[in-house]
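Content type mmCIF, C-alpha atoms, from the file coords28.cif:
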```cif
data_model
loop_
_atom_site.label_atom_id
_atom_site.label_comp_id
_atom_site.auth_asym_id
_atom_site.auth_seq_id
_atom_site.Cartn_x
_atom_site.Cartn_y
_atom_site.Cartn_z
CA MET L 1 -25.86 86.31 56.74
CA ILE L 2 -28.25 83.50 55.85
CA GLY L 3 -28.44 84.75 52.27
CA ASP L 4 -24.68 84.58 51.90
CA LYS L 5 -24.64 81.01 53.14
CA MET L 6 -27.36 79.95 50.65
CA LYS L 7 -25.46 81.55 47.80
CA ASN L 8 -22.34 79.70 48.77
CA TYR L 9 -24.30 76.40 48.87
CA LEU L 10 -25.78 76.94 45.38
CA TYR L 11 -22.34 77.80 44.01
CA LEU L 12 -21.05 74.55 45.46
CA ILE L 13 -23.82 72.50 43.81
CA MET L 14 -23.29 74.17 40.45
CA GLY L 15 -19.62 73.58 40.75
CA LEU L 16 -20.11 69.88 41.38
CA CYS L 17 -22.47 69.57 38.38
CA VAL L 18 -19.96 71.31 36.15
CA LEU L 19 -17.22 69.09 37.50
CA PHE L 20 -19.39 65.95 36.95
CA THR L 21 -20.38 67.02 33.44
CA THR L 22 -16.84 67.86 32.53
CA SER L 23 -15.75 64.49 33.83
CA LEU L 24 -18.38 62.73 31.71
CA GLU L 25 -17.42 64.65 28.59
CA ALA L 26 -13.81 63.81 29.17
CA GLN L 27 -14.67 60.12 29.47
CA CYS L 28 -16.98 59.89 26.45
CA LYS L 29 -15.69 57.89 23.51
CA ARG L 30 -16.87 58.03 19.93
CA GLY L 31 -20.11 56.04 19.48
CA GLU L 32 -20.46 55.32 23.18
CA LYS L 33 -24.00 55.12 24.57
CA LEU L 34 -25.15 56.04 28.03
CA ARG L 35 -28.26 54.90 29.91
CA ILE L 36 -30.09 57.77 31.62
CA THR L 37 -33.45 58.46 33.25
CA ASN L 38 -35.53 61.38 34.49
CA ASP L 39 -37.69 59.12 36.73
CA VAL L 40 -40.37 59.09 34.02
CA GLU L 41 -38.66 57.26 31.20
CA ILE L 42 -35.38 55.57 30.44
CA LYS L 43 -33.26 56.39 27.40
CA VAL L 44 -30.07 55.01 25.91
CA VAL L 45 -28.43 57.89 24.00
CA ASP L 46 -25.04 59.05 22.72
CA CYS L 47 -22.69 59.83 25.56
CA ARG L 48 -22.29 63.55 24.73
CA GLU L 49 -26.08 63.96 24.31
CA ALA L 50 -26.52 62.23 27.65
CA THR L 51 -24.06 64.72 29.17
CA ARG L 52 -26.06 67.65 27.82
CA MET L 53 -29.36 66.22 29.12
CA ILE L 54 -27.88 65.57 32.53
CA TYR L 55 -26.49 69.13 32.74
CA ASN L 56 -29.48 70.99 31.28
CA ASP L 57 -32.64 68.86 31.64
CA GLY L 58 -32.48 67.09 34.98
CA TRP L 59 -31.60 63.60 33.74
CA TYR L 60 -29.11 61.39 35.54
CA PRO L 61 -27.19 58.18 34.79
CA TYR L 62 -29.24 55.00 35.34
CA SER L 63 -27.41 51.71 34.82
CA ILE L 64 -29.10 48.33 34.15
CA GLU L 65 -28.00 47.32 37.63
CA ASP L 66 -29.85 50.32 39.06
CA GLU L 67 -32.99 49.41 37.15
CA ARG L 68 -32.79 45.79 38.25
CA GLU L 69 -32.48 46.95 41.84
CA ASP L 70 -35.60 49.08 41.41
CA ARG L 71 -37.79 46.87 39.18
CA CYS L 72 -36.93 43.21 39.80
CA PRO L 73 -38.37 42.91 43.32
CA GLN L 74 -41.60 44.50 42.12
CA LEU L 75 -41.78 42.34 38.99
CA SER L 76 -41.04 39.17 40.92
CA SER L 77 -43.89 39.86 43.32
CA SER L 78 -46.44 41.10 40.79
CA SER L 79 -45.80 38.32 38.25
CA ALA L 80 -46.49 35.68 40.91
CA GLU L 81 -49.64 37.46 42.02
CA TYR L 82 -50.90 37.86 38.43
CA TYR L 83 -50.29 34.15 37.84
CA ARG L 84 -52.12 33.10 41.01
CA SER L 85 -55.11 35.26 40.08
CA SER L 86 -55.11 33.90 36.47
CA ASN L 87 -54.47 37.34 34.98
CA TRP L 88 -52.56 35.82 32.11
CA GLU L 89 -51.99 38.99 30.08
CA LEU L 90 -50.34 40.90 32.90
CA SER L 91 -48.55 37.77 34.05
CA ALA L 92 -47.01 37.21 30.60
CA ASN L 93 -45.98 40.88 30.38
CA ALA L 94 -44.32 40.77 33.81
CA TYR L 95 -42.36 37.61 33.00
CA SER L 96 -41.30 39.13 29.67
CA GLU L 97 -39.97 42.25 31.36
CA MET L 98 -38.18 40.17 33.99
CA MET L 99 -36.23 38.31 31.34
CA ASN L 100 -35.55 41.46 29.31
CA LEU L 101 -33.98 42.93 32.46
CA ARG L 102 -32.35 39.59 33.28
CA CYS L 103 -33.62 39.79 36.83
CA ASP L 104 -32.07 36.38 37.41
CA GLN L 105 -28.73 38.15 37.32
CA TRP L 106 -29.96 40.57 40.01
CA ASP L 107 -30.81 37.76 42.44
CA PRO L 108 -31.12 34.15 41.21
CA ASP L 109 -32.71 33.16 44.51
CA TRP L 110 -35.60 35.54 43.84
CA VAL L 111 -35.83 34.99 40.11
CA ASN L 112 -35.19 31.48 38.81
CA PRO L 113 -35.00 31.42 35.00
CA ASN L 114 -36.27 27.82 34.98
CA ASP L 115 -39.51 29.00 36.58
CA VAL L 116 -39.80 32.25 34.66
CA TYR L 117 -39.60 30.64 31.21
CA LEU L 118 -42.03 27.90 32.26
CA TYR L 119 -44.70 30.17 33.77
CA TRP L 120 -44.29 32.74 31.02
CA ALA L 121 -44.98 30.02 28.43
CA ILE L 122 -47.96 28.68 30.38
CA ALA L 123 -49.47 32.17 30.67
CA LEU L 124 -49.17 32.55 26.89
CA GLU L 125 -50.82 29.13 26.43
CA TYR L 126 -53.81 30.26 28.48
CA LEU L 127 -54.04 33.26 26.16
CA GLY L 128 -54.07 30.87 23.20
CA LYS L 129 -50.77 32.27 21.95
CA PHE L 130 -49.06 28.96 21.32
CA ASP L 131 -46.75 30.37 18.66
CA GLU L 132 -45.41 32.92 21.16
CA SER L 133 -45.19 30.23 23.83
CA GLU L 134 -43.10 28.17 21.41
CA LYS L 135 -40.64 31.07 20.94
CA VAL L 136 -40.32 31.59 24.70
CA LEU L 137 -39.66 27.89 25.29
CA ILE L 138 -37.10 27.65 22.50
CA GLU L 139 -35.34 30.68 23.97
CA GLY L 140 -35.44 29.05 27.39
CA LEU L 141 -34.08 25.75 26.10
CA GLU L 142 -31.21 27.50 24.35
CA GLU L 143 -30.21 28.76 27.78
CA LEU L 144 -31.33 25.66 29.75
CA PRO L 145 -30.98 22.73 27.32
CA ASP L 146 -31.54 20.00 29.94
CA ASN L 147 -34.74 21.42 31.40
CA THR L 148 -37.31 18.63 30.87
CA ASP L 149 -40.22 20.81 32.07
CA LEU L 150 -39.55 23.23 29.23
CA MET L 151 -39.28 20.30 26.80
CA LYS L 152 -42.71 19.03 27.90
CA ARG L 153 -44.29 22.45 27.45
CA LEU L 154 -42.67 22.84 24.05
CA ALA L 155 -43.98 19.44 22.95
CA TYR L 156 -47.44 20.49 24.18
CA SER L 157 -47.17 23.76 22.26
CA PHE L 158 -46.29 21.84 19.09
CA LYS L 159 -49.23 19.51 19.74
CA LYS L 160 -51.68 22.41 20.04
CA GLN L 161 -50.36 23.89 16.81
CA GLY L 162 -50.68 20.59 14.94
CA LYS L 163 -46.92 20.33 14.46
CA THR L 164 -46.81 16.56 14.87
CA GLU L 165 -43.28 15.97 13.61
CA GLU L 166 -41.84 18.67 15.86
CA MET L 167 -43.85 17.31 18.79
CA ILE L 168 -42.50 13.80 18.25
CA ILE L 169 -38.92 15.09 18.07
CA GLU L 170 -39.37 16.91 21.38
CA TYR L 171 -40.95 13.86 23.03
CA GLU L 172 -38.06 11.73 21.74
CA ARG L 173 -35.63 14.15 23.38
CA LEU L 174 -37.52 13.61 26.62
CA LEU L 175 -37.40 9.84 26.13
CA ASP L 176 -33.66 9.99 25.51
CA SER L 177 -33.21 12.11 28.64
CA GLY L 178 -34.59 9.22 30.72
CA VAL L 179 -37.75 11.02 31.81
CA LYS L 180 -40.30 8.84 33.62
CA ASP L 181 -43.52 10.73 33.01
CA THR L 182 -46.54 8.64 32.07
CA ASP L 183 -48.58 11.41 30.44
CA THR L 184 -45.66 12.63 28.35
CA LEU L 185 -44.68 9.19 27.06
CA ARG L 186 -48.31 8.29 26.48
CA ASP L 187 -48.63 11.28 24.17
CA LEU L 188 -45.56 10.05 22.30
CA ALA L 189 -47.05 6.56 22.00
CA SER L 190 -50.30 8.03 20.67
CA ALA L 191 -48.40 10.09 18.12
CA TYR L 192 -46.56 6.98 16.94
CA GLY L 193 -49.89 5.18 16.69
CA GLU L 194 -51.43 7.93 14.57
CA GLN L 195 -48.50 7.58 12.17
CA GLY L 196 -48.81 3.78 12.05
CA ARG L 197 -45.47 3.30 13.80
CA THR L 198 -46.75 0.34 15.84
CA ASP L 199 -43.39 -1.09 16.92
CA GLU L 200 -42.30 2.25 18.36
CA GLN L 201 -45.71 2.71 19.98
CA VAL L 202 -45.43 -0.66 21.69
CA SER L 203 -41.87 0.11 22.79
CA VAL L 204 -42.92 3.36 24.48
CA LEU L 205 -45.92 1.75 26.21
CA LYS L 206 -43.65 -0.99 27.54
CA LYS L 207 -41.25 1.72 28.71
CA ILE L 208 -44.07 3.25 30.76
CA LEU L 209 -44.93 -0.12 32.28
CA SER L 210 -41.29 -0.61 33.25
CA PHE L 211 -41.59 2.20 35.82
CA ASP L 212 -45.39 2.15 36.30
CA PRO L 213 -46.17 -1.59 36.08
CA ASN L 214 -49.68 -1.42 37.60
CA ASN L 215 -50.99 1.30 35.32
CA SER L 216 -54.18 -0.36 34.08
CA SER L 217 -54.96 2.22 31.40
CA ILE L 218 -51.54 1.73 29.81
CA GLN L 219 -51.98 -2.04 30.03
CA SER L 220 -55.33 -1.69 28.25
CA GLU L 221 -53.81 0.55 25.61
CA LEU L 222 -50.96 -1.89 25.00
CA ALA L 223 -53.45 -4.74 24.71
CA ARG L 224 -55.49 -2.75 22.20
CA VAL L 225 -52.39 -2.03 20.12
CA TYR L 226 -51.52 -5.73 20.14
CA GLU L 227 -55.04 -6.62 19.04
CA ASN L 228 -55.04 -4.06 16.25
CA SER L 229 -51.72 -5.41 15.02
CA GLY L 230 -53.01 -9.00 15.05
CA GLU L 231 -50.90 -10.12 18.03
CA ASP L 232 -52.26 -11.93 21.10
CA PRO L 233 -52.60 -9.51 24.05
CA LEU L 234 -53.66 -12.20 26.52
CA GLU L 235 -50.57 -11.85 28.70
CA ILE L 236 -51.32 -8.15 29.12
CA PHE L 237 -54.86 -8.86 30.33
CA LYS L 238 -53.57 -11.63 32.58
CA ALA L 239 -50.95 -9.43 34.22
CA ARG L 240 -53.44 -6.64 34.76
CA PHE L 241 -55.97 -9.01 36.36
CA GLU L 242 -53.39 -10.73 38.58
CA ASP L 243 -52.16 -7.34 39.78
CA ASN L 244 -55.74 -6.28 40.55
CA PRO L 245 -57.81 -9.42 41.33
CA GLU L 246 -60.44 -7.32 43.08
CA ASN L 247 -61.14 -5.31 39.92
CA ALA L 248 -64.28 -6.78 38.35
CA SER L 249 -63.76 -5.08 34.97
CA TYR L 250 -60.26 -6.52 34.60
CA ALA L 251 -61.48 -10.00 35.60
CA ILE L 252 -64.33 -9.89 33.10
CA GLU L 253 -62.15 -8.62 30.27
CA TYR L 254 -59.49 -11.24 30.96
CA ALA L 255 -62.10 -14.00 31.22
CA GLN L 256 -63.68 -12.95 27.94
CA LYS L 257 -60.31 -13.11 26.19
CA LEU L 258 -59.76 -16.59 27.62
CA ILE L 259 -63.18 -17.69 26.42
CA ASP L 260 -62.45 -16.29 22.96
CA ASN L 261 -59.24 -18.35 22.98
CA GLY L 262 -61.15 -21.47 24.04
CA ASP L 263 -59.68 -21.49 27.57
CA VAL L 264 -63.06 -21.58 29.29
CA ASP L 265 -61.85 -23.42 32.43
CA ASP L 266 -59.25 -20.71 33.07
CA ALA L 267 -61.90 -18.06 32.50
CA ILE L 268 -64.15 -19.71 35.08
CA ASP L 269 -61.28 -19.85 37.59
CA ALA L 270 -60.61 -16.14 37.14
CA LEU L 271 -64.26 -15.20 37.57
CA VAL L 272 -64.78 -17.44 40.59
CA GLY L 273 -61.67 -15.88 42.13
CA THR L 274 -62.93 -12.33 41.72
CA LEU L 275 -66.35 -13.18 43.17
CA SER L 276 -64.87 -13.10 46.67
CA TYR L 277 -64.34 -9.37 46.09
CA ASN L 278 -67.40 -8.76 43.94
CA ASP L 279 -70.24 -10.89 45.28
CA THR L 280 -72.82 -8.25 44.36
CA ASN L 281 -71.49 -7.46 40.89
CA ASN L 282 -74.08 -8.43 38.28
CA MET L 283 -71.63 -8.50 35.39
CA VAL L 284 -69.33 -10.97 37.13
CA TYR L 285 -72.25 -13.36 37.71
CA LEU L 286 -73.49 -12.90 34.15
CA THR L 287 -70.08 -13.58 32.60
CA LEU L 288 -69.50 -16.55 34.90
CA GLY L 289 -72.92 -18.02 34.09
CA ASN L 290 -72.25 -17.66 30.37
CA ALA L 291 -68.85 -19.33 30.83
CA TYR L 292 -70.43 -22.29 32.62
CA ASN L 293 -72.98 -22.55 29.81
CA GLU L 294 -70.21 -22.39 27.20
CA ASN L 295 -68.45 -25.20 29.07
CA SER L 296 -71.67 -27.27 29.27
CA ASP L 297 -71.59 -26.97 33.08
CA PHE L 298 -75.34 -26.40 33.10
CA ASN L 299 -75.91 -27.09 36.79
CA ASP L 300 -73.31 -24.48 37.74
CA ALA L 301 -74.81 -22.12 35.17
CA VAL L 302 -78.25 -22.54 36.74
CA GLU L 303 -76.91 -21.87 40.23
CA THR L 304 -74.99 -18.79 39.07
CA PHE L 305 -77.91 -17.29 37.17
CA GLU L 306 -80.26 -17.95 40.09
CA ASP L 307 -77.83 -16.05 42.35
CA LEU L 308 -77.82 -13.25 39.79
CA PHE L 309 -81.63 -13.21 39.70
CA ASN L 310 -81.65 -12.71 43.47
CA LEU L 311 -79.63 -9.54 42.88
CA ASP L 312 -81.86 -8.34 40.05
CA ARG L 313 -85.34 -9.80 40.41
CA ASN L 314 -86.93 -7.62 37.74
CA ASN L 315 -84.64 -8.76 34.96
CA TYR L 316 -86.60 -11.13 32.72
CA ARG L 317 -83.51 -11.96 30.65
CA ILE L 318 -81.88 -13.57 33.68
CA ALA L 319 -85.01 -15.67 34.20
CA ILE L 320 -84.76 -16.75 30.55
CA LYS L 321 -81.11 -17.74 31.06
CA VAL L 322 -82.02 -19.90 34.06
CA SER L 323 -84.77 -21.50 31.99
CA GLU L 324 -82.45 -22.12 29.03
CA ASN L 325 -79.97 -23.99 31.20
CA TYR L 326 -82.71 -26.10 32.76
CA ILE L 327 -83.76 -26.99 29.22
CA GLU L 328 -80.21 -28.21 28.54
CA LEU L 329 -80.61 -30.47 31.58
CA ASP L 330 -83.99 -31.76 30.27
CA ARG L 331 -85.56 -30.44 33.45
CA PHE L 332 -88.54 -28.95 31.69
CA ASP L 333 -90.65 -28.43 34.79
CA GLU L 334 -88.08 -25.96 36.27
CA ALA L 335 -87.48 -24.51 32.80
CA TYR L 336 -91.21 -23.86 32.48
CA ASP L 337 -91.40 -22.17 35.89
CA TRP L 338 -88.57 -19.78 35.01
CA GLY L 339 -89.97 -19.19 31.53
CA SER L 340 -93.28 -18.25 33.13
CA LYS L 341 -91.46 -15.78 35.42
CA ALA L 342 -89.90 -14.18 32.37
CA LEU L 343 -93.33 -13.85 30.73
CA LYS L 344 -94.76 -12.18 33.83
CA ILE L 345 -91.86 -9.81 34.42
CA SER L 346 -91.63 -8.77 30.76
CA LYS L 347 -95.41 -8.57 30.35
CA ARG L 348 -95.28 -11.17 27.62
CA ASN L 349 -92.81 -9.34 25.39
CA ALA L 350 -91.52 -10.83 22.13
CA GLU L 351 -88.32 -12.25 23.59
CA SER L 352 -90.02 -14.16 26.42
CA LEU L 353 -92.77 -15.44 24.07
CA SER L 354 -90.11 -16.67 21.67
CA HIS L 355 -88.31 -18.45 24.52
CA MET L 356 -91.49 -20.25 25.64
CA GLY L 357 -92.03 -21.44 22.09
CA ASN L 358 -88.53 -22.89 22.03
CA LEU L 359 -89.05 -24.51 25.43
CA TYR L 360 -92.10 -26.42 24.12
CA TYR L 361 -90.28 -27.22 20.87
CA LYS L 362 -87.28 -28.69 22.73
CA ALA L 363 -89.53 -30.64 25.09
CA MET L 364 -91.54 -32.08 22.20
CA ASN L 365 -88.37 -33.30 20.48
CA ILE L 366 -87.10 -34.94 23.67
CA CYS L 367 -90.42 -36.59 24.60
CA ARG L 368 -91.77 -37.70 21.21
CA GLY L 369 -91.38 -41.14 19.80
CA ASP L 370 -90.92 -42.18 16.16
CA ASN L 371 -94.62 -41.59 15.59
CA PHE L 372 -96.08 -38.36 16.92
CA SER L 373 -98.75 -38.88 19.55
CA ARG L 374 -101.63 -36.47 20.04
CA SER L 375 -99.82 -35.14 23.14
CA ASP L 376 -96.67 -34.56 21.06
CA LYS L 377 -98.78 -32.67 18.53
CA ALA L 378 -100.47 -30.65 21.24
CA VAL L 379 -97.09 -29.54 22.59
CA ALA L 380 -95.86 -28.83 19.05
CA SER L 381 -98.90 -26.61 18.55
CA LEU L 382 -98.28 -24.79 21.82
CA ALA L 383 -94.72 -24.09 20.60
CA TYR L 384 -96.06 -22.93 17.23
CA ASN L 385 -98.58 -20.56 18.84
CA TYR L 386 -95.84 -18.93 20.91
CA PHE L 387 -93.66 -18.55 17.81
CA LEU L 388 -96.56 -16.84 16.03
CA GLN L 389 -97.14 -14.42 18.94
CA ALA L 390 -93.43 -13.57 19.12
CA GLU L 391 -93.26 -13.03 15.35
CA LYS L 392 -96.18 -10.61 15.47
CA LYS L 393 -94.21 -8.58 18.00
CA GLY L 394 -91.11 -8.59 15.80
CA ASN L 395 -89.11 -11.57 17.08
CA SER L 396 -88.30 -14.27 14.50
CA LYS L 397 -85.37 -15.84 16.36
CA TYR L 398 -86.77 -19.35 15.93
CA PHE L 399 -88.15 -18.99 12.42
CA LYS L 400 -86.43 -22.24 11.33
CA GLN L 401 -88.16 -24.20 14.09
CA LYS L 402 -91.47 -22.56 13.18
CA LYS L 403 -90.96 -23.43 9.52
CA TRP L 404 -90.18 -27.06 10.40
CA LEU L 405 -93.43 -27.34 12.35
CA GLU L 406 -95.33 -25.92 9.37
CA GLU L 407 -93.75 -28.25 6.82
CA ASN L 408 -94.14 -31.48 8.79
CA ASP L 409 -97.36 -33.16 9.89
CA VAL L 410 -96.79 -32.48 13.57
CA LEU L 411 -99.35 -29.82 14.51
CA PHE L 412 -102.57 -30.79 16.26
CA GLY L 413 -105.42 -30.54 13.74
CA ARG L 414 -109.07 -31.31 13.01
CA ALA L 415 -108.49 -35.06 12.53
CA ASP L 416 -106.73 -35.28 15.87
CA TRP L 417 -109.59 -33.44 17.56
CA PHE L 418 -112.24 -35.88 16.32
CA MET L 419 -110.22 -38.79 17.67
CA LEU L 420 -110.54 -37.43 21.23
CA ASP L 421 -113.01 -38.68 23.81
CA LYS L 422 -116.34 -36.86 23.91
CA ASP L 423 -115.75 -35.47 27.40
CA ILE L 424 -112.51 -33.84 26.21
CA GLN L 425 -114.25 -32.43 23.16
CA THR L 426 -116.96 -31.05 25.39
CA SER L 427 -114.36 -29.13 27.42
CA GLY L 428 -113.19 -27.36 24.24
CA LYS L 429 -109.52 -27.85 25.01
CA VAL L 430 -106.90 -30.56 25.01
CA SER L 431 -103.98 -31.03 27.40
CA PRO L 432 -100.86 -33.13 26.82
CA VAL L 433 -100.68 -36.27 28.90
CA GLY L 434 -97.94 -38.71 29.91
CA ARG L 435 -95.01 -38.61 32.32
CA CYS L 436 -92.85 -36.55 29.98
CA TYR L 437 -95.49 -33.80 29.86
CA GLU L 438 -96.62 -33.74 33.49
CA TRP L 439 -95.19 -30.26 33.90
CA VAL L 440 -97.34 -28.78 31.10
CA SER L 441 -100.11 -26.73 32.68
CA GLU L 442 -101.36 -25.06 29.51
CA SER L 443 -104.08 -26.45 27.27
CA LEU L 444 -104.58 -26.17 23.53
CA ASP L 445 -107.93 -24.53 22.71
CA LYS L 446 -110.23 -25.95 20.03
CA GLN L 447 -109.94 -24.03 16.77
CA SER L 448 -112.98 -22.77 14.90
CA ASP L 449 -112.41 -25.08 11.90
CA TRP L 450 -112.15 -28.28 14.00
#
```

Turn the structure described in the file into structure tokens.
Amino acid sequence: MIGDKMKNYLYLIMGLCVLFTTSLEAQCKRGEKLRITNDVEIKVVDCREATRMIYNDGWYPYSIEDEREDRCPQLSSSSAEYYRSSNWELSANAYSEMMNLRCDQWDPDWVNPNDVYLYWAIALEYLGKFDESEKVLIEGLEELPDNTDLMKRLAYSFKKQGKTEEMIIEYERLLDSGVKDTDTLRDLASAYGEQGRTDEQVSVLKKILSFDPNNSSIQSELARVYENSGEDPLEIFKARFEDNPENASYAIEYAQKLIDNGDVDDAIDALVGTLSYNDTNNMVYLTLGNAYNENSDFNDAVETFEDLFNLDRNNYRIAIKVSENYIELDRFDEAYDWGSKALKISKRNAESLSHMGNLYYKAMNICRGDNFSRSDKAVASLAYNYFLQAEKKGNSKYFKQKKWLEENDVLFGRADWFMLDKDIQTSGKVSPVGRCYEWVSESLDKQSDW
């Protein structure tokens, strides 16, 4: 009884297959193709061949919609996971298959073509396949012509391939689209600069500042372009400083431009203003001290450099700067004290020796009369000795002063020695005397030929 029922069931199945196959054959048209699968592979074959394979070999019809239903959820999930784990090869392959199947047509909420083209291209970039990335992006832009993310990636792909003209064209498309992306437009400005298209470079940099007005790096770049083109970038530096008064670098750069333009008072105002934010910044004090010196405000220069020395007490150059400004004030006693500090800190290096020579030289010229006294000559000789020591260590900064001392009868010599009192000669050294030289604590030793 059971056997009869099974036979009847098999006959029914066979009948349905014959009916289905007959129906397919009846519907086949010349040249028509049919998509079939056997769960191992998918084939697209002639309709009648498909009918035979379905009837004899266990294949069955498998439409693109069926495959999307089966594959797209899996591809959507795996492509995202491959991307997150930086498996760029598998990620690129998954995105490629998704677009071949047009999974976006299966469910655009699951598969967004904007994202697929973008991430597919990025995966290829990580693989170094910029030519393939370019093809993917062009394909994407043919379908999504207003997608600025794809435009940016395409411009980047051109950049990596050295296709400058194509890159510029793509960046110009972005510019025309109204994009407000600093990095993108900066690349365009740089490309213009490399081609010597300065006016267009300036225009793009100004465009960036129109929506990102406090971008200091763009302000600096615009200022540099102006400088290279021979135009005055002062307004750029001014705007950047006024937008960021607490930024010491901006204040210093702006002040230096003002000084270069001869606007030293304005430079001083800018530096004094930023000190309230930067009262421990060495460079602000140094630039301000130099500005005061440039403006002949030597008292202010002294005060500023002394404040700087308190921040950096092992810097002999600061001590020299204090001394130099005291010299300008004819306050040689303070100048000598600071010069001596520089000698001690630097362990009598060439620069500090040279400075001490100049200190004595300047003092001698201020204190001497029309006729050189023996004290004037003693100080001149002290200056000369320091110049000699500095020169031996490689510093000839004051070689003109040294030469003048050599060529004029101003150095203390044998004749001057024999004119001294016996008690001075007995001591073997001579010290300058007089109110103008009260600060001099050094003595000139007797030379062997005196």

Applying 7 Å and all atoms listed in the file, which residues near L:Tyr192 remain after dropping the ones on its own chain fewer than 6 positions away? List them as a short mmCIF file (atom, residue, chain, number, x, y, z; two decimals) with C-alpha atoms, keeping the file's coordinate frame.
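Final output, saved to out-v3.cif:
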```cif
data_model
loop_
_atom_site.label_atom_id
_atom_site.label_comp_id
_atom_site.auth_asym_id
_atom_site.auth_seq_id
_atom_site.Cartn_x
_atom_site.Cartn_y
_atom_site.Cartn_z
CA THR L 198 -46.75 0.34 15.84
CA GLU L 200 -42.30 2.25 18.36
CA GLN L 201 -45.71 2.71 19.98
#
```

Per-residue nearest contacts of stretch 62-127 of chain L to stretch 135-159 of chain L (10 Å; only C-alpha atoms) as a Markdown table:
```
| residue | atom | partner | partner_atom | distance |
| --- | --- | --- | --- | --- |
| L:Ser96 | CA | L:Val136 | CA | 9.1 |
| L:Pro113 | CA | L:Gly140 | CA | 8.0 |
| L:Asn114 | CA | L:Asn147 | CA | 7.5 |
| L:Asp115 | CA | L:Leu150 | CA | 9.3 |
| L:Val116 | CA | L:Gly140 | CA | 9.1 |
| L:Tyr117 | CA | L:Gly140 | CA | 5.9 |
| L:Leu118 | CA | L:Leu150 | CA | 6.1 |
| L:Tyr119 | CA | L:Leu150 | CA | 9.8 |
| L:Trp120 | CA | L:Val136 | CA | 7.6 |
| L:Ala121 | CA | L:Val136 | CA | 6.2 |
| L:Ile122 | CA | L:Arg153 | CA | 7.8 |
| L:Leu124 | CA | L:Val136 | CA | 9.2 |
| L:Glu125 | CA | L:Ser157 | CA | 7.7 |
```

Keeping C-alpha atoms for every residue in the selection just given, could you write it to a file as a short mmCIF file (atom, residue, chain, number, x, y, z; two decimals), keeping the file's coordinate frame?
```
data_model
loop_
_atom_site.label_atom_id
_atom_site.label_comp_id
_atom_site.auth_asym_id
_atom_site.auth_seq_id
_atom_site.Cartn_x
_atom_site.Cartn_y
_atom_site.Cartn_z
CA SER L 96 -41.30 39.13 29.67
CA PRO L 113 -35.00 31.42 35.00
CA ASN L 114 -36.27 27.82 34.98
CA ASP L 115 -39.51 29.00 36.58
CA VAL L 116 -39.80 32.25 34.66
CA TYR L 117 -39.60 30.64 31.21
CA LEU L 118 -42.03 27.90 32.26
CA TYR L 119 -44.70 30.17 33.77
CA TRP L 120 -44.29 32.74 31.02
CA ALA L 121 -44.98 30.02 28.43
CA ILE L 122 -47.96 28.68 30.38
CA LEU L 124 -49.17 32.55 26.89
CA GLU L 125 -50.82 29.13 26.43
#
```

Can you pull out every residue within 9 Å of L:Pro233, counting only C-alpha atoms, but drop anything in the same chain fewer than 6 positions away, and send it as a PyMOL selection string?
-> chain L and resi 222-227+257

Might you spell out which residues the PyMOL selection byres ((chain L and resi 241-256) around 9) would select in the displayed file, as number ranges by chain?
-> L: 214, 216, 234, 236-240, 257-261, 263-264, 266-271, 273-278, 281, 283-284, 287-288, 291

Residues picked by the PyMOL selection byres ((chain L and resi 424-431) around 6) here, as a PDB file with C-alpha atoms, in the coordinates of the input?
```
ATOM      1  CA  ASP L 421    -113.010 -38.680  23.810  1.00  0.00           C
ATOM      2  CA  LYS L 422    -116.340 -36.860  23.910  1.00  0.00           C
ATOM      3  CA  ASP L 423    -115.750 -35.470  27.400  1.00  0.00           C
ATOM      4  CA  PRO L 432    -100.860 -33.130  26.820  1.00  0.00           C
ATOM      5  CA  SER L 443    -104.080 -26.450  27.270  1.00  0.00           C
ATOM      6  CA  LEU L 444    -104.580 -26.170  23.530  1.00  0.00           C
ATOM      7  CA  ASP L 445    -107.930 -24.530  22.710  1.00  0.00           C
ATOM      8  CA  LYS L 446    -110.230 -25.950  20.030  1.00  0.00           C
TER       9      LYS L 446
END
```

Have a look at atom CA of L:Ala80 and atom CA of L:Tyr126 and let me know their distance in Å, one decimal.
-> 15.4 Å

Taking the file as shown, what set of residues would the PyMOL selection byres ((chain L and resi 357) around 6) give back, as a PyMOL selection string?
-> chain L and resi 354-356+358-360+383+386-387

Quick one, how far is atom CA of L:Ile218 from atom CA of L:Thr164?
-> 21.6 Å

Can you list, as JSON, numbers by chain, every protein, DNA or RNA residue that comes within 8 Å of stretch 171-183 of chain L when you count all atoms listed in the file, leaving out same-chain residues fewer than 2 positions away?
-> {"L": [148, 151, 152, 155, 167, 168, 169, 185, 186, 187, 188, 208, 211, 212]}

What does the file look like for those residues with C-alpha atoms, as a CSV table (one decimal), in the coordinates of the input?
```csv
chain,number,residue,atom,x,y,z
L,148,THR,CA,-37.3,18.6,30.9
L,151,MET,CA,-39.3,20.3,26.8
L,152,LYS,CA,-42.7,19.0,27.9
L,155,ALA,CA,-44.0,19.4,23.0
L,167,MET,CA,-43.8,17.3,18.8
L,168,ILE,CA,-42.5,13.8,18.2
L,169,ILE,CA,-38.9,15.1,18.1
L,185,LEU,CA,-44.7,9.2,27.1
L,186,ARG,CA,-48.3,8.3,26.5
L,187,ASP,CA,-48.6,11.3,24.2
L,188,LEU,CA,-45.6,10.0,22.3
L,208,ILE,CA,-44.1,3.2,30.8
L,211,PHE,CA,-41.6,2.2,35.8
L,212,ASP,CA,-45.4,2.2,36.3
```

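Closest approach to L:Glu170 among L:Asn315, L:Asn349, L:Ser79, L:Thr184: L:Thr184, based on only C-alpha atoms.
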